[in-house]
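A.B. asks: Would you mind keeping the following structure in view while I ask a few things?
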Protein chains: 2
Amino acid sequence: MIKFVPENIKKIVPYPPGKPIKELERELGITDSIKIASNENPLGPSKKAIEAVKAMISNVNRYPDGNCYYLKEKLTEKLGLSMENYIIGNGSSEIIEFALRTFVQPGDEVISSEKTFVIYKIVSNIVGAQYTEVPLTDRFGYDLKAIKNAITDKTRLIFLSNPNNPTGTMFGQKELEEFMSGISDNIIVALDEAYIEYVPTAKKIDAKKLMNDYNLLVMRTFSKAYGLAGLRLGYGIANKEIIGYLNKVRAPFNVNSVAQVAALAALDDDEHLLNSVTLNSDGATYLYKNFDELGLSYVETFTNFILVDVKCPGQKLYDKLLREGVIIRSMKNYGLDNYIRVTVGTQEENARFISALKKHLVN
Amino acid sequence: MIKFVPENIKKIVPYPPGKPIKELERELGITDSIKIASNENPLGPSKKAIEAVKAMISNVNRYPDGNCYYLKEKLTEKLGLSMENYIIGNGSSEIIEFALRTFVQPGDEVISSEKTFVIYKIVSNIVGAQYTEVPLTDRFGYDLKAIKNAITDKTRLIFLSNPNNPTGTMFGQKELEEFMSGISDNIIVALDEAYIEYVPTAKKIDAKKLMNDYNLLVMRTFSKAYGLAGLRLGYGIANKEIIGYLNKVRAPFNVNSVAQVAALAALDDDEHLLNSVTLNSDGATYLYKNFDELGLSYVETFTNFILVDVKCPGQKLYDKLLREGVIIRSMKNYGLDNYIRVTVGTQEENARFISALKKHLVN
């Protein structure tokens with residue numbers, strides 16, 4: 001009936017709508033399932049964030065602050081630069097959308113790695129960009145040299161997920177500086193640091209010092225270590241020129257007020273962040289030990305998830321564990337048929353996962 | 001430094017970031033200001049919604065349901081049709097964005113009225129569309145005949161705000177049906193019913209019965225009568241083909257989980273909705289009476305705001321009332337220099353506004 005839908009829109013396969021866990025449980029006749037599939041913080045959000053939300057929720061009849069004034073102010077206190085160097089999004093996935101809508105025209109080229117965050121490709125397709133996927137190294141890392149070699153005159157945007165989802169690997173300061181060196185002013189490099197809080201301090205990249213010299217956009221989120229995935233809040237950091245352009249395509253009230261208040265409180269809760277990171281590294285150690293005992297190889301992680309070679313079809317293992325109420329992620333869609341990605345959970349969740357894994361690996 | 005920003009992006013003037021009211025108060029040295037400028041529900045959100053949020057907020061570490069399953073289920077119970085006829089947005093302004101990104105290519109034409117919701121024009125500019133504004137009738141209403149006459153081969157999308165923001169006028173079932181009759185399949189008509197809950201039942205349009213025959217997209221919001229503006233939740237209703245296309249450009253987790261839970265509870269709170277609508281009609285009656293006594297003409301409203309001819313520059317009146325802590329909206333940007341738009345508030349707020357108005361009209 002509609003005659004005029006653009007070809008690039010017609011071609012898009014939308015992200016398949018999943019059912020809520022409660023509906024899934026009802027269909028499968030199970031209860032008390034655990035979800036260690038989406039790299040959420042198993043500790044929950046900061047109690048300070050919860051209290052802050054409860055204190056303001058009766059005012060949600062008011063529109064949000066469209067400029068996220070207090071949140072930007074707090075971010076500059078914590079991270080430096082000035083408020084004009086920050087842009088806040090409805091999740092960091094919205095920052096990805098802003099970058100594509102601002103800088104990429106239909107037919108332009110976007111480059112990233114294969115086996116990386118799927119949203120780069122999905123949104124690139126929506127804006128009608130050519131999307132080039134460069135293979136990983138044989139150690140599941142970003143191949144920055146190959147990505148640089150893949151640049152053409154049409155390249156406008158490069159996404160680097162660091163640490164990378166779903167492999168958990170990362171590159172360092174030196175590799176980033178080498179990569180940026182000589183990159184054309186025709187290109188924006190978007191460095192996605194969604195998992196940065198899990199990275200040991202000595203390994204963290206200081207991208208800010210490159211922002212004056214390069215078109216470098218750093219993206220971060222409150223969905224992972226800060227435990228606020230349900231509220232949708234992410235941010236971008238870049239030079240003022242880039243942020244100014246991104247603001248042109250941002251809707252006036254893109255970030256809800258509950259997310260702003262919760263994130264502000266979460267940034268003041270260092271204890272919750274430390275507990276989250278500690279729980280994660282303890283959990284990863286426990287999982288490594290069990291994978292070793294089971295003779296399974298895995299990629300050592302800089303994040304809150306682990307990519308594991310389960311030596312059998314990951315999709316089948318996913319189905320079996322689902323029926324046990326243990327929800328993990330199959331890596332079939334990433335071309336890694338014998339792999340799963342598992343989020344580090346609480347100690348109980350990790351133990352339940354290992355127990356279910358042992359049961360079904362032998363079957 | 002960035003060499004390749006597309007011309008249509010460069011031209012965009014971003015929505016100017018306002019300061020939070022607290023910052024404004026500090027600068028002006030005032031306290032306890034009232035905001036009757038943004039058509040928010042002065043009663044606040046439903047208590048059921050508040051309680052529902054408090055009960056789930058400790059789970060916001062989990063990603064939202066990307067499909068808004070329970071909310072769509074509830075909407076179909078209330079409004080009919082099936083879940084595939086609904087799409088949920090980060091505010092209804094995101095539904096506007098979806099429609100433009102899906103159906104409008106750079107150079108295509110979008111038509112609406114002048115003196116209508118500003119977001120239509122802003123987002124049309126972002127996608128590089130030609131935006132045509134058709135004058136209102138001399139009674140501040142949409143001129144549907146003139147809009148129909150303005151259609152060209154390049155027209156892809158028409159926005160109809162009904163009731164219209166900022167004039168408060170509306171057209172009826174017969175006018176809509178006459179307008180839709182003969183409209184080309186090359187065009188989507190987006191009917192924005194943000195204020196529908198304030199419209200008397202006898203005047204409400206039943207657009208659903210036109211959806212099988214026409215490319216008609218109805219847009220609604222929880223930001224007005226439902227009192228959830230801070231949470232950002234709106235929805236679109238259309239035939240499955242249109243909704244299917246809109247879903248292609250929707251990000252997987254565009255709607256936060258707090259908004260979903262609050263809206264679900266708000267839809268079960270008929271008492272709050274009734275109280276909100278009654279407070280509004282009582283307040284409008286009070287304001288009309290005072291405007292009459294002051295000899296000011298105004299447009300009778302089908303919404304929660306009133307357009308008033310204050311017979312002096314509205315921007316100056318805005319400045320004066322601001323210093324009294326009464327925040328209204330000047331209509332200067334709409335080409336209505338001597339007009340203000342005032343949201344119907346609580347009885348106290350309305351009285352304080354009238355008192356401040358009397359003081360400054362004579363000065």
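Labeling convention for the structure tokens: chains A, B, ... as they appear, residues from 1 per chain, ligands from 1 in order of appearance.
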Using only C-alpha atoms, find the residues of chain B whose closest atom to chain A is at most 7 Å away, then write them as an MDAnalysis selection string.

C.D. replies: chainID B and resid 1:6 9 12:15 17:18 20 40:41 44:45 50 54 57:67 102:103 126 185:186 223 227:232 247:249 252 256:258

A.B. asks: Can you tell me, as a VMD selection string, what residues are no more than 12 Å from Ile196 of chain A when counting only C-alpha atoms, ignoring any on the same chain fewer than 5 positions away?

C.D. replies: chain A and resid 161 to 165 168 to 172 191 201 to 207 218 to 226 273 277 301 to 304

A.B. asks: If we count only C-alpha atoms and set the cut-off at 10 Å, which residues sit around Glu324 of chain B, ignoring sequence neighbours fewer than 4 positions away in its own chain? Please answer as number ranges by chain.

C.D. replies: B: 28, 30-34, 318-320, 352-353, 356-357, 360

A.B. asks: Run DSSP on the backbone of this structure and report the residues of segment 123-363 of chain B it assigns to alpha helix (DSSP H), as a VMD selection string.

C.D. replies: chain B and resid 123 to 126 144 to 149 173 to 180 240 to 248 257 to 266 270 to 293 314 to 323 347 to 361

A.B. asks: Set the distance at 12 Å and use only C-alpha atoms: which residues neighbour Ala146 of chain B once local chain neighbours fewer than 5 positions away are removed? I'd like the list as a PyMOL selection string.

C.D. replies: chain B and resi 111-114+132-137+141+151+179

A.B. asks: Residues as selected, N, CA and C atoms, written as an mmCIF file, in the first residue's frame, can you do that?

C.D. replies:
data_model
loop_
_atom_site.group_PDB
_atom_site.id
_atom_site.type_symbol
_atom_site.label_atom_id
_atom_site.label_comp_id
_atom_site.auth_asym_id
_atom_site.auth_seq_id
_atom_site.Cartn_x
_atom_site.Cartn_y
_atom_site.Cartn_z
ATOM 1 N N ILE B 111 4.796 18.695 4.743
ATOM 2 C CA ILE B 111 3.874 19.826 4.880
ATOM 3 C C ILE B 111 3.261 19.809 6.270
ATOM 4 N N SER B 112 3.126 20.981 6.855
ATOM 5 C CA SER B 112 2.304 21.129 8.044
ATOM 6 C C SER B 112 1.768 22.552 8.055
ATOM 7 N N SER B 113 1.181 22.917 9.144
ATOM 8 C CA SER B 113 0.671 24.274 9.287
ATOM 9 C C SER B 113 1.785 25.170 9.839
ATOM 10 N N GLU B 114 1.649 26.465 9.645
ATOM 11 C CA GLU B 114 2.462 27.387 10.450
ATOM 12 C C GLU B 114 1.856 27.415 11.849
ATOM 13 N N THR B 132 7.226 22.780 4.218
ATOM 14 C CA THR B 132 6.265 23.794 3.794
ATOM 15 C C THR B 132 5.275 24.076 4.914
ATOM 16 N N GLU B 133 5.128 25.366 5.252
ATOM 17 C CA GLU B 133 4.193 25.761 6.299
ATOM 18 C C GLU B 133 3.005 26.484 5.682
ATOM 19 N N VAL B 134 1.821 25.932 5.892
ATOM 20 C CA VAL B 134 0.597 26.515 5.339
ATOM 21 C C VAL B 134 -0.040 27.405 6.414
ATOM 22 N N PRO B 135 -0.457 28.623 6.048
ATOM 23 C CA PRO B 135 -1.039 29.519 7.066
ATOM 24 C C PRO B 135 -2.269 28.912 7.751
ATOM 25 N N LEU B 136 -2.487 29.326 8.997
ATOM 26 C CA LEU B 136 -3.697 28.959 9.731
ATOM 27 C C LEU B 136 -4.894 29.676 9.118
ATOM 28 N N THR B 137 -6.101 29.230 9.475
ATOM 29 C CA THR B 137 -7.288 30.009 9.142
ATOM 30 C C THR B 137 -7.282 31.266 10.021
ATOM 31 N N GLY B 141 -7.160 28.022 13.334
ATOM 32 C CA GLY B 141 -7.285 26.586 13.119
ATOM 33 C C GLY B 141 -6.440 26.124 11.938
ATOM 34 N N ILE B 151 -0.135 20.072 -1.548
ATOM 35 C CA ILE B 151 0.522 18.795 -1.856
ATOM 36 C C ILE B 151 1.110 18.830 -3.263
ATOM 37 N N PHE B 179 -10.360 15.345 4.405
ATOM 38 C CA PHE B 179 -8.950 15.580 4.090
ATOM 39 C C PHE B 179 -8.297 14.316 3.551
#

A.B. asks: I need the residues in segment 92-174 of chain B that are strand (DSSP E) according to DSSP; give them as a list of chain:residue names.

C.D. replies: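 Listing strand (DSSP E) positions across segment 92-174 of chain B yields B:Glu109, B:Val110, B:Ile111, B:Ser112, B:Ser113, B:Gln130, B:Tyr131, B:Thr132, B:Glu133, B:Val134, B:Thr155, B:Arg156, B:Leu157, B:Ile158, B:Phe159, B:Leu160, B:Ser161.
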
A.B. asks: Include C-alpha atoms and write out the residues we just selected as a JSON list (two decimals), in the first residue's frame.

C.D. replies:
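To be explicit, this is the file written out as result-v7.json:
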[["chain", "number", "residue", "atom", "x", "y", "z"],
["B", 109, "GLU", "CA", 8.67, 17.55, 0.95],
["B", 110, "VAL", "CA", 6.96, 17.67, 4.34],
["B", 111, "ILE", "CA", 3.87, 19.83, 4.88],
["B", 112, "SER", "CA", 2.30, 21.13, 8.04],
["B", 113, "SER", "CA", 0.67, 24.27, 9.29],
["B", 130, "GLN", "CA", 11.78, 20.68, 2.23],
["B", 131, "TYR", "CA", 9.38, 21.93, 4.91],
["B", 132, "THR", "CA", 6.27, 23.79, 3.79],
["B", 133, "GLU", "CA", 4.19, 25.76, 6.30],
["B", 134, "VAL", "CA", 0.60, 26.52, 5.34],
["B", 155, "THR", "CA", 5.17, 15.42, -0.66],
["B", 156, "ARG", "CA", 5.81, 12.37, 1.52],
["B", 157, "LEU", "CA", 4.62, 13.33, 4.98],
["B", 158, "ILE", "CA", 1.99, 15.69, 6.40],
["B", 159, "PHE", "CA", 1.85, 16.57, 10.09],
["B", 160, "LEU", "CA", -1.52, 17.53, 11.60],
["B", 161, "SER", "CA", -1.46, 18.60, 15.26]]

A.B. asks: Choose the residue, out of A:Gly234, A:Tyr288, A:Ile354, A:Ile36, that has the smallest atom-to-atom separation from Ile328 of chain A; count only C-alpha atoms.

C.D. replies: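 Smallest separation from Ile328 of chain A among the options: A:Ile36.
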
A.B. asks: What does the distance between atom CA of Lys311 of chain A and atom CA of Ala284 of chain A come to in Å, to one decimal place?

C.D. replies: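 Going from atom CA of Lys311 of chain A over to atom CA of Ala284 of chain A, I get 19.8 Å.
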
A.B. asks: Kindly give the distance, in Å, that separates atom CA of Asp138 of chain A and atom CA of Ser330 of chain A, rounded to a single decimal.

C.D. replies: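 So the two atoms, atom CA of Asp138 of chain A and atom CA of Ser330 of chain A, lie 20.2 Å apart.
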